[in-house]
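> What follows is start01.pdb; its format and atoms are PDB, C-alpha atoms.
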MODEL        1
ATOM      1  CA  MET A   3       0.000   0.000   0.000
ATOM      2  CA  LYS A   4       1.395   3.377  -1.008
ATOM      3  CA  PHE A   5       1.279   6.522   1.120
ATOM      4  CA  GLY A   6       0.619  10.050  -0.079
ATOM      5  CA  ILE A   7      -0.363  13.332   1.532
ATOM      6  CA  ALA A   8      -3.652  15.257   1.477
ATOM      7  CA  THR A   9      -3.633  18.914   2.499
ATOM      8  CA  PHE A  10      -4.872  22.460   1.983
ATOM      9  CA  ILE A  11      -2.195  24.701   0.466
ATOM     10  CA  THR A  12      -2.742  28.305   1.552
ATOM     11  CA  ASP A  13      -0.916  31.616   1.684
ATOM     12  CA  GLU A  14      -0.241  31.011   5.388
ATOM     13  CA  GLY A  15       1.356  27.566   5.122
ATOM     14  CA  ILE A  16       4.297  25.891   3.441
ATOM     15  CA  ARG A  17       4.857  26.780  -0.213
ATOM     16  CA  PRO A  18       3.756  24.146  -2.741
ATOM     17  CA  ASP A  19       7.196  23.817  -4.319
ATOM     18  CA  THR A  20       8.864  23.363  -0.941
ATOM     19  CA  LEU A  21       6.197  20.853   0.066
ATOM     20  CA  GLY A  22       6.476  18.879  -3.154
ATOM     21  CA  ARG A  23      10.245  18.571  -2.824
ATOM     22  CA  ALA A  24       9.937  17.520   0.822
ATOM     23  CA  LEU A  25       7.355  14.843   0.001
ATOM     24  CA  GLU A  26       9.452  13.316  -2.741
ATOM     25  CA  GLU A  27      12.562  13.323  -0.533
ATOM     26  CA  ARG A  28      10.619  11.387   2.125
ATOM     27  CA  GLY A  29       9.280   8.808  -0.313
ATOM     28  CA  PHE A  30       5.613   9.801  -0.418
ATOM     29  CA  SER A  31       3.794   8.715  -3.564
ATOM     30  CA  SER A  32       1.363  11.594  -4.110
ATOM     31  CA  LEU A  33       0.088  15.019  -3.124
ATOM     32  CA  PHE A  34      -3.662  15.684  -3.230
ATOM     33  CA  ILE A  35      -4.767  19.252  -2.514
ATOM     34  CA  ALA A  36      -8.155  20.812  -1.827
ATOM     35  CA  GLU A  37      -9.960  23.512  -3.796
ATOM     36  CA  HIS A  38     -12.312  26.322  -2.852
ATOM     37  CA  SER A  39     -12.476  29.303  -5.193
ATOM     38  CA  HIS A  40     -13.868  31.420  -2.330
ATOM     39  CA  ILE A  41     -16.054  31.187   0.760
ATOM     40  CA  PRO A  42     -19.217  33.301   0.619
ATOM     41  CA  ALA A  43     -19.518  35.746   3.526
ATOM     42  CA  GLY A  44     -23.126  34.708   4.054
ATOM     43  CA  ARG A  45     -22.565  31.222   5.493
ATOM     44  CA  GLU A  46     -25.582  28.918   5.240
ATOM     45  CA  SER A  47     -24.371  25.447   4.232
ATOM     46  CA  PRO A  48     -23.214  23.594   7.347
ATOM     47  CA  TYR A  49     -19.592  22.508   7.406
ATOM     48  CA  PRO A  50     -19.567  18.708   6.963
ATOM     49  CA  GLY A  51     -16.945  18.358   9.660
ATOM     50  CA  GLY A  52     -19.151  20.108  12.202
ATOM     51  CA  GLY A  53     -18.603  23.393  14.008
ATOM     52  CA  GLU A  54     -16.987  26.464  12.495
ATOM     53  CA  LEU A  55     -15.445  26.323   9.043
ATOM     54  CA  PRO A  56     -11.636  26.102   9.486
ATOM     55  CA  ARG A  57      -9.539  29.076   8.417
ATOM     56  CA  LYS A  58      -7.714  27.068   5.729
ATOM     57  CA  TYR A  59     -10.923  26.794   3.647
ATOM     58  CA  TYR A  60     -10.883  30.549   3.067
ATOM     59  CA  ARG A  61      -7.320  30.718   1.818
ATOM     60  CA  THR A  62      -6.611  27.875  -0.642
ATOM     61  CA  LEU A  63      -4.349  28.555  -3.596
ATOM     62  CA  ASP A  64      -5.578  27.684  -7.058
ATOM     63  CA  PRO A  65      -4.871  23.947  -7.218
ATOM     64  CA  PHE A  66      -3.446  23.901 -10.730
ATOM     65  CA  VAL A  67      -1.040  26.765 -10.032
ATOM     66  CA  ALA A  68       0.062  25.101  -6.783
ATOM     67  CA  LEU A  69       0.498  21.676  -8.370
ATOM     68  CA  THR A  70       2.470  23.168 -11.251
ATOM     69  CA  ALA A  71       4.872  24.691  -8.728
ATOM     70  CA  ALA A  72       5.253  21.266  -7.115
ATOM     71  CA  ALA A  73       5.693  19.626 -10.526
ATOM     72  CA  ALA A  74       8.615  21.902 -11.372
ATOM     73  CA  VAL A  75      10.745  20.589  -8.496
ATOM     74  CA  THR A  76       9.761  16.889  -8.497
ATOM     75  CA  SER A  77      10.039  13.979 -10.895
ATOM     76  CA  ARG A  78       8.061  11.107  -9.338
ATOM     77  CA  LEU A  79       5.352  12.623  -7.120
ATOM     78  CA  VAL A  80       1.773  12.169  -8.394
ATOM     79  CA  LEU A  81       0.006  15.538  -8.365
ATOM     80  CA  GLY A  82      -3.688  15.375  -7.558
ATOM     81  CA  THR A  83      -6.690  17.566  -6.944
ATOM     82  CA  GLY A  84      -8.493  16.404  -3.840
ATOM     83  CA  ILE A  85     -10.982  17.482  -4.893
ATOM     84  CA  ALA A  86     -11.580  19.911  -7.741
ATOM     85  CA  LEU A  87     -15.139  21.249  -7.478
ATOM     86  CA  LEU A  88     -16.015  20.461 -11.059
ATOM     87  CA  PRO A  89     -19.640  21.727 -11.118
ATOM     88  CA  GLN A  90     -18.317  25.211 -10.275
ATOM     89  CA  ARG A  91     -15.784  25.159 -13.114
ATOM     90  CA  ASP A  92     -15.834  26.020 -16.784
ATOM     91  CA  VAL A  93     -15.344  22.715 -18.542
ATOM     92  CA  ILE A  94     -13.200  24.009 -21.424
ATOM     93  CA  HIS A  95     -10.814  25.913 -19.146
ATOM     94  CA  THR A  96     -10.608  22.869 -16.872
ATOM     95  CA  ALA A  97      -9.727  20.593 -19.782
ATOM     96  CA  LYS A  98      -6.905  22.975 -20.684
ATOM     97  CA  GLN A  99      -5.609  23.202 -17.105
ATOM     98  CA  VAL A 100      -5.566  19.449 -16.507
ATOM     99  CA  ALA A 101      -3.893  18.728 -19.835
ATOM    100  CA  SER A 102      -1.331  21.495 -19.260
ATOM    101  CA  LEU A 103      -0.442  20.170 -15.803
ATOM    102  CA  ASP A 104      -0.097  16.671 -17.232
ATOM    103  CA  LEU A 105       2.275  17.989 -19.900
ATOM    104  CA  VAL A 106       4.358  20.076 -17.494
ATOM    105  CA  SER A 107       4.597  17.194 -15.004
ATOM    106  CA  ARG A 108       5.359  14.630 -17.733
ATOM    107  CA  GLY A 109       2.259  12.586 -17.026
ATOM    108  CA  ARG A 110       1.900  12.770 -13.236
ATOM    109  CA  THR A 111      -1.582  14.289 -12.907
ATOM    110  CA  ALA A 112      -4.437  12.690 -10.934
ATOM    111  CA  PHE A 113      -7.717  14.527 -11.464
ATOM    112  CA  GLY A 114      -9.814  14.177  -8.324
ATOM    113  CA  VAL A 115     -13.325  15.604  -8.588
ATOM    114  CA  GLY A 116     -16.483  15.931  -6.536
ATOM    115  CA  VAL A 117     -19.806  17.739  -6.542
ATOM    116  CA  GLY A 118     -19.057  19.856  -3.464
ATOM    117  CA  TRP A 119     -21.104  20.789  -0.390
ATOM    118  CA  ASN A 120     -21.131  24.602  -0.179
ATOM    119  CA  ARG A 121     -24.304  25.625  -1.956
ATOM    120  CA  GLU A 122     -23.648  29.369  -1.699
ATOM    121  CA  GLU A 123     -20.258  28.904  -3.354
ATOM    122  CA  MET A 124     -21.908  26.987  -6.211
ATOM    123  CA  ARG A 125     -24.573  29.611  -6.745
ATOM    124  CA  ASN A 126     -21.944  32.336  -7.062
ATOM    125  CA  HIS A 127     -20.582  30.382 -10.032
ATOM    126  CA  GLY A 128     -24.038  30.135 -11.586
ATOM    127  CA  THR A 129     -24.414  26.468 -10.593
ATOM    128  CA  ASP A 130     -27.780  25.146  -9.456
ATOM    129  CA  PRO A 131     -27.041  22.901  -6.441
ATOM    130  CA  SER A 132     -30.014  20.678  -7.264
ATOM    131  CA  THR A 133     -28.580  19.656 -10.632
ATOM    132  CA  ARG A 134     -24.859  19.645  -9.837
ATOM    133  CA  GLY A 135     -24.605  15.847 -10.103
ATOM    134  CA  ALA A 136     -26.171  15.723 -13.545
ATOM    135  CA  LEU A 137     -23.981  18.646 -14.590
ATOM    136  CA  MET A 138     -20.819  16.886 -13.432
ATOM    137  CA  ASP A 139     -21.726  13.714 -15.300
ATOM    138  CA  GLU A 140     -21.902  15.706 -18.527
ATOM    139  CA  GLN A 141     -18.755  17.654 -17.673
ATOM    140  CA  LEU A 142     -16.781  14.448 -17.251
ATOM    141  CA  ARG A 143     -17.984  13.129 -20.585
ATOM    142  CA  ALA A 144     -17.180  16.474 -22.223
ATOM    143  CA  LEU A 145     -13.693  16.555 -20.699
ATOM    144  CA  LYS A 146     -12.942  13.127 -22.087
ATOM    145  CA  GLU A 147     -14.127  14.288 -25.505
ATOM    146  CA  ILE A 148     -11.826  17.327 -25.413
ATOM    147  CA  TRP A 149      -8.824  15.328 -24.170
ATOM    148  CA  THR A 150      -9.136  12.446 -26.622
ATOM    149  CA  THR A 151     -10.548  13.982 -29.800
ATOM    150  CA  GLU A 152      -8.827  16.379 -32.178
ATOM    151  CA  ARG A 153     -12.115  18.058 -33.111
ATOM    152  CA  ALA A 154     -14.237  17.854 -29.984
ATOM    153  CA  GLU A 155     -17.985  18.438 -29.809
ATOM    154  CA  PHE A 156     -20.553  17.927 -27.045
ATOM    155  CA  HIS A 157     -24.287  18.517 -26.808
ATOM    156  CA  GLY A 158     -26.013  17.837 -23.519
ATOM    157  CA  GLU A 159     -28.634  19.372 -21.293
ATOM    158  CA  HIS A 160     -26.090  21.139 -19.086
ATOM    159  CA  VAL A 161     -22.941  21.230 -21.241
ATOM    160  CA  ASP A 162     -23.138  22.237 -24.869
ATOM    161  CA  PHE A 163     -20.467  23.313 -27.331
ATOM    162  CA  ASP A 164     -19.951  23.132 -31.072
ATOM    163  CA  PRO A 165     -16.805  21.603 -32.606
ATOM    164  CA  LEU A 166     -13.592  22.970 -31.143
ATOM    165  CA  TYR A 167      -9.847  22.398 -31.069
ATOM    166  CA  SER A 168      -7.964  22.290 -27.780
ATOM    167  CA  TRP A 169      -4.299  21.537 -27.205
ATOM    168  CA  PRO A 170      -2.215  20.332 -25.488
ATOM    169  CA  LYS A 171      -3.605  16.856 -25.160
ATOM    170  CA  PRO A 172      -2.668  15.047 -21.943
ATOM    171  CA  VAL A 173       0.507  12.965 -21.787
ATOM    172  CA  GLN A 174      -1.333  10.092 -20.071
ATOM    173  CA  GLN A 175      -3.470   8.025 -22.389
ATOM    174  CA  PRO A 176      -6.314   8.182 -22.924
ATOM    175  CA  HIS A 177      -6.300  10.940 -20.272
ATOM    176  CA  PRO A 178      -5.226  11.524 -16.643
ATOM    177  CA  PRO A 179      -7.072   9.207 -14.258
ATOM    178  CA  ILE A 180     -10.322  10.631 -12.893
ATOM    179  CA  TYR A 181     -10.573  10.026  -9.150
ATOM    180  CA  LEU A 182     -14.195  10.202  -8.024
ATOM    181  CA  GLY A 183     -14.747  11.583  -4.539
ATOM    182  CA  GLY A 184     -17.826  10.808  -2.479
ATOM    183  CA  GLU A 185     -19.432   7.744  -0.957
ATOM    184  CA  SER A 186     -23.134   8.239  -1.752
ATOM    185  CA  PRO A 187     -25.034   5.905  -4.090
ATOM    186  CA  ALA A 188     -24.948   8.622  -6.764
ATOM    187  CA  ALA A 189     -21.188   9.010  -6.385
ATOM    188  CA  LEU A 190     -20.648   5.273  -6.678
ATOM    189  CA  ARG A 191     -22.804   5.055  -9.788
ATOM    190  CA  ARG A 192     -20.726   7.885 -11.255
ATOM    191  CA  LEU A 193     -17.557   6.023 -10.336
ATOM    192  CA  ALA A 194     -18.719   2.863 -12.079
ATOM    193  CA  ALA A 195     -19.772   4.730 -15.216
ATOM    194  CA  LEU A 196     -17.178   7.495 -15.549
ATOM    195  CA  GLY A 197     -14.364   7.119 -13.013
ATOM    196  CA  ASP A 198     -10.917   5.596 -13.124
ATOM    197  CA  ALA A 199     -10.265   5.496  -9.358
ATOM    198  CA  TRP A 200     -12.182   5.972  -6.111
ATOM    199  CA  LEU A 201     -11.230   8.621  -3.542
ATOM    200  CA  PRO A 202     -13.272   7.803  -0.414
ATOM    201  CA  ARG A 203     -12.812   9.876   2.716
ATOM    202  CA  SER A 204     -11.298   8.484   5.870
ATOM    203  CA  HIS A 205     -14.605   7.815   7.609
ATOM    204  CA  THR A 206     -15.146   4.990   5.098
ATOM    205  CA  SER A 207     -14.538   1.720   6.920
ATOM    206  CA  PRO A 208     -12.406  -1.136   5.567
ATOM    207  CA  GLU A 209     -15.583  -3.240   5.521
ATOM    208  CA  ARG A 210     -17.249  -0.692   3.263
ATOM    209  CA  ILE A 211     -14.153  -0.657   1.052
ATOM    210  CA  VAL A 212     -14.557  -4.398   0.514
ATOM    211  CA  GLU A 213     -18.289  -4.027  -0.200
ATOM    212  CA  VAL A 214     -17.711  -1.355  -2.828
ATOM    213  CA  ARG A 215     -14.962  -3.421  -4.458
ATOM    214  CA  GLU A 216     -17.347  -6.352  -4.819
ATOM    215  CA  TRP A 217     -20.128  -4.099  -6.091
ATOM    216  CA  LEU A 218     -17.843  -2.639  -8.745
ATOM    217  CA  LYS A 219     -16.940  -6.126  -9.926
ATOM    218  CA  GLU A 220     -20.655  -6.794 -10.371
ATOM    219  CA  GLN A 221     -20.760  -3.697 -12.595
ATOM    220  CA  GLY A 222     -17.946  -5.120 -14.697
ATOM    221  CA  ARG A 223     -15.277  -2.872 -13.142
ATOM    222  CA  HIS A 224     -12.497  -5.129 -11.908
ATOM    223  CA  ASP A 225      -9.593  -2.696 -12.126
ATOM    224  CA  VAL A 226     -10.516   0.409 -10.098
ATOM    225  CA  PRO A 227      -7.756   1.635  -7.745
ATOM    226  CA  PHE A 228      -8.816   2.907  -4.309
ATOM    227  CA  THR A 229      -7.076   5.838  -2.613
ATOM    228  CA  VAL A 230      -8.295   6.828   0.859
ATOM    229  CA  PHE A 231      -8.353  10.589   1.248
ATOM    230  CA  ALA A 232      -7.028  12.415   4.331
ATOM    231  CA  ALA A 233      -6.617   9.454   6.663
ATOM    232  CA  GLY A 234      -5.321   9.538  10.202
ATOM    233  CA  THR A 235      -2.373   7.595  11.544
ATOM    234  CA  LYS A 236      -3.966   4.997  13.839
ATOM    235  CA  PRO A 237      -2.196   1.687  13.177
ATOM    236  CA  ASP A 238      -5.398  -0.370  13.322
ATOM    237  CA  SER A 239      -7.076   1.800  10.695
ATOM    238  CA  LEU A 240      -4.098   1.687   8.350
ATOM    239  CA  ARG A 241      -3.774  -2.066   8.814
ATOM    240  CA  GLY A 242      -7.478  -2.426   8.045
ATOM    241  CA  TYR A 243      -7.135  -0.485   4.818
ATOM    242  CA  ALA A 244      -4.198  -2.624   3.745
ATOM    243  CA  GLU A 245      -6.120  -5.811   4.480
ATOM    244  CA  ALA A 246      -9.112  -4.444   2.526
ATOM    245  CA  GLY A 247      -6.929  -4.058  -0.560
ATOM    246  CA  VAL A 248      -6.632  -0.264  -0.610
ATOM    247  CA  ASP A 249      -3.993   0.774  -3.123
ATOM    248  CA  GLU A 250      -2.981   4.050  -1.495
ATOM    249  CA  VAL A 251      -3.686   6.047   1.655
ATOM    250  CA  THR A 252      -3.181   9.800   1.758
ATOM    251  CA  LEU A 253      -2.379  10.963   5.272
ATOM    252  CA  MET A 254      -3.892  14.268   6.371
ATOM    253  CA  LEU A 255      -1.345  17.078   6.713
ATOM    254  CA  GLU A 256      -2.596  20.142   8.559
ATOM    255  CA  THR A 257      -1.722  23.532   7.079
ATOM    256  CA  LEU A 258       1.323  24.816   8.977
ATOM    257  CA  PRO A 259       4.394  27.017   8.456
ATOM    258  CA  GLU A 260       7.368  25.420   6.730
ATOM    259  CA  ASP A 261       9.452  24.412   9.764
ATOM    260  CA  GLU A 262       6.477  22.818  11.533
ATOM    261  CA  THR A 263       5.349  21.084   8.349
ATOM    262  CA  LEU A 264       8.734  19.474   7.800
ATOM    263  CA  ARG A 265       8.768  18.115  11.355
ATOM    264  CA  VAL A 266       5.265  16.693  10.917
ATOM    265  CA  LEU A 267       6.254  15.138   7.584
ATOM    266  CA  ASP A 268       9.124  13.322   9.263
ATOM    267  CA  ASP A 269       6.626  11.807  11.680
ATOM    268  CA  LEU A 270       4.199  10.876   8.907
ATOM    269  CA  ALA A 271       7.010   9.327   6.870
ATOM    270  CA  ALA A 272       7.824   7.126   9.850
ATOM    271  CA  VAL A 273       4.175   6.046  10.026
ATOM    272  CA  ALA A 274       4.199   5.194   6.324
ATOM    273  CA  ALA A 275       7.465   3.254   6.640
ATOM    274  CA  ALA A 276       5.999   1.179   9.455
ATOM    275  CA  HIS A 277       3.114   0.031   7.244
ATOM    276  CA  HIS A 278       4.843  -0.564   3.908
TER     277      HIS A 278
ENDMDL
END
Would you mind writing the file's structure down as structure tokens?

Amino acid sequence: MKFGIATFITDEGIRPDTLGRALEERGFSSLFIAEHSHIPAGRESPYPGGGELPRKYYRTLDPFVALTAAAAVTSRLVLGTGIALLPQRDVIHTAKQVASLDLVSRGRTAFGVGVGWNREEMRNHGTDPSTRGALMDEQLRALKEIWTTERAEFHGEHVDFDPLYSWPKPVQQPHPPIYLGGESPAALRRLAALGDAWLPRSHTSPERIVEVREWLKEQGRHDVPFTVFAAGTKPDSLRGYAEAGVDEVTLMLETLPEDETLRVLDDLAAVAAAHH
């Protein structure tokens, strides 16, 4: 089982290039970073974690800029969005950003996506929260069309564009792997139909991991990698994930200044080494 890192990169924490270099030096396999374009001042949607929304949510860097900085100083680290809020994004710009990162990183992009939870944030982007799942389904199909077709065209209920040309194409073929976040029935159906890997959160039990693996096989999907997002360091939990056949665990790294981050990474690297 491989070990990566999940974190929020902000203007108050370690720089993404410094972090990327430190992760690769310590043998971590991947870096998955969160995205929020903004946090509306009028807070209505409850924070899924309970209580007040943490400060780091307000201050995230653009994920593709941050991952490009990390790409420039690494050669092996997988660079992932965890997660990009696809229903809030323009699909053509997103296709360009993902393909550009994959080119710059020489094929190390992992495109993690989810529907999101902050309804006010969605509305500010012109997204109707009630149809965000259907929108994302079409966006994923449209992205694949842009990435894999020289003259791309898509006509759906939520995404519609006439023939277009868009380069660069991704280095990875047919495109960077799409990691589907979420554990709901709708998210799992989307994974089976459109995803390349599953990115469940750390509250997902090893037993549930096994159940989903069997369910995917029933859908004809026998080859879906599982990466647990933002896990803790309890030995029993990590052992359970390994026994359940999880391919990779990303350990949660809190957003801290550089010196503190490097000390924490040393500790997390020791945890990973103990479970390899």
> Could you check which of A:Pro65, A:Glu152, A:Val93, A:Arg143 is closest to A:Gly114, using all atoms listed in the file?
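Residue with the minimum atom-to-atom distance to A:Gly114: A:Pro65.
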> Taking the file as I've supplied it (selection: the PyMOL selection byres ((chain A and resi 22) around 12)), which residues are included? Please answer as a PyMOL selection string.
chain A and resi 6-9+11+16-21+23-35+68-82+260+263-264+267
> Skipping near chain neighbours, those fewer than 6 positions away, what residues fall within 7 Å of A:Ile148 using only C-alpha atoms, listed as an MDAnalysis selection string?
chainID A and resid 97 154 168
> Counting only C-alpha atoms, figure out which residue out of A:Arg153, A:His278, A:His127, A:Arg192 gets nearest to A:Phe5.
A:His278
> Can you turn the PyMOL selection byres ((chain A and resi 190) around 12) into a concrete residue list for this file, as a PyMOL selection string?
chain A and resi 116+135+181-189+191-202+211+213-215+217-218+221+223+226
> Evaluating the PyMOL selection byres ((chain A and resi 39-48) around 10) on the displayed file yields which residues, as a list in words?
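For this structure, the PyMOL selection byres ((chain A and resi 39-48) around 10) resolves to Glu37, His38, Tyr49, Pro50, Gly51, Gly52, Gly53, Glu54, Leu55, Tyr59, Tyr60, Arg61, Thr62, Leu63, Asp64, Pro65, Ala86, Leu87, Gln90, Arg91, Trp119, Asn120, Arg121, Glu122, Glu123, Met124, Arg125, Asn126 and His127 of chain A.
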> Using atom CA of A:Pro178 and atom CA of A:Glu216 as the two end points, give the distance in Å to one decimal.
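These atoms are spaced 24.6 Å apart.
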> Report, in Å with one decimal, the straight-line distance from atom CA of A:Leu142 to atom CA of A:Trp169.
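Between atom CA of A:Leu142 and atom CA of A:Trp169 the gap works out to 17.5 Å.
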> How many Å lie between atom CA of A:Val230 and atom CA of A:Gly242, rounded to one decimal?
11.7 Å
> So, counting only C-alpha atoms, which residue among A:Val212, A:Ala232, A:Leu270, A:Thr96 is closest to A:Ala244?
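Closest to A:Ala244, using only C-alpha atoms: A:Val212.
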> Set the distance at 9 Å and use only C-alpha atoms: which residues neighbour A:Asp104 once local chain neighbours fewer than 4 positions away are removed? I'd like the list as a list in words.
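Neighbouring residues, sequence-local ones excluded: Leu81, Gln99, Val100, Arg108, Gly109, Arg110, Thr111, Ala112, Lys171, Pro172, Val173, Gln174, His177 and Pro178 of chain A.
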> With only C-alpha atoms as the atoms that count, which of A:Val251, A:Leu103, A:Leu258, A:Leu137 lies nearest to A:Phe10?
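The closest residue to A:Phe10 is A:Leu258.
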> Stretch 56-71 of chain A from the block above, C-alpha atoms, as a compact mmCIF listing (two decimals), in the first residue's frame, please?

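The result, stored in part05.txt:
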# COMPACT_ATOMS: atom_id res chain seq x y z
CA PRO A 56 -11.64 26.10 9.49
CA ARG A 57 -9.54 29.08 8.42
CA LYS A 58 -7.71 27.07 5.73
CA TYR A 59 -10.92 26.79 3.65
CA TYR A 60 -10.88 30.55 3.07
CA ARG A 61 -7.32 30.72 1.82
CA THR A 62 -6.61 27.87 -0.64
CA LEU A 63 -4.35 28.55 -3.60
CA ASP A 64 -5.58 27.68 -7.06
CA PRO A 65 -4.87 23.95 -7.22
CA PHE A 66 -3.45 23.90 -10.73
CA VAL A 67 -1.04 26.76 -10.03
CA ALA A 68 0.06 25.10 -6.78
CA LEU A 69 0.50 21.68 -8.37
CA THR A 70 2.47 23.17 -11.25
CA ALA A 71 4.87 24.69 -8.73
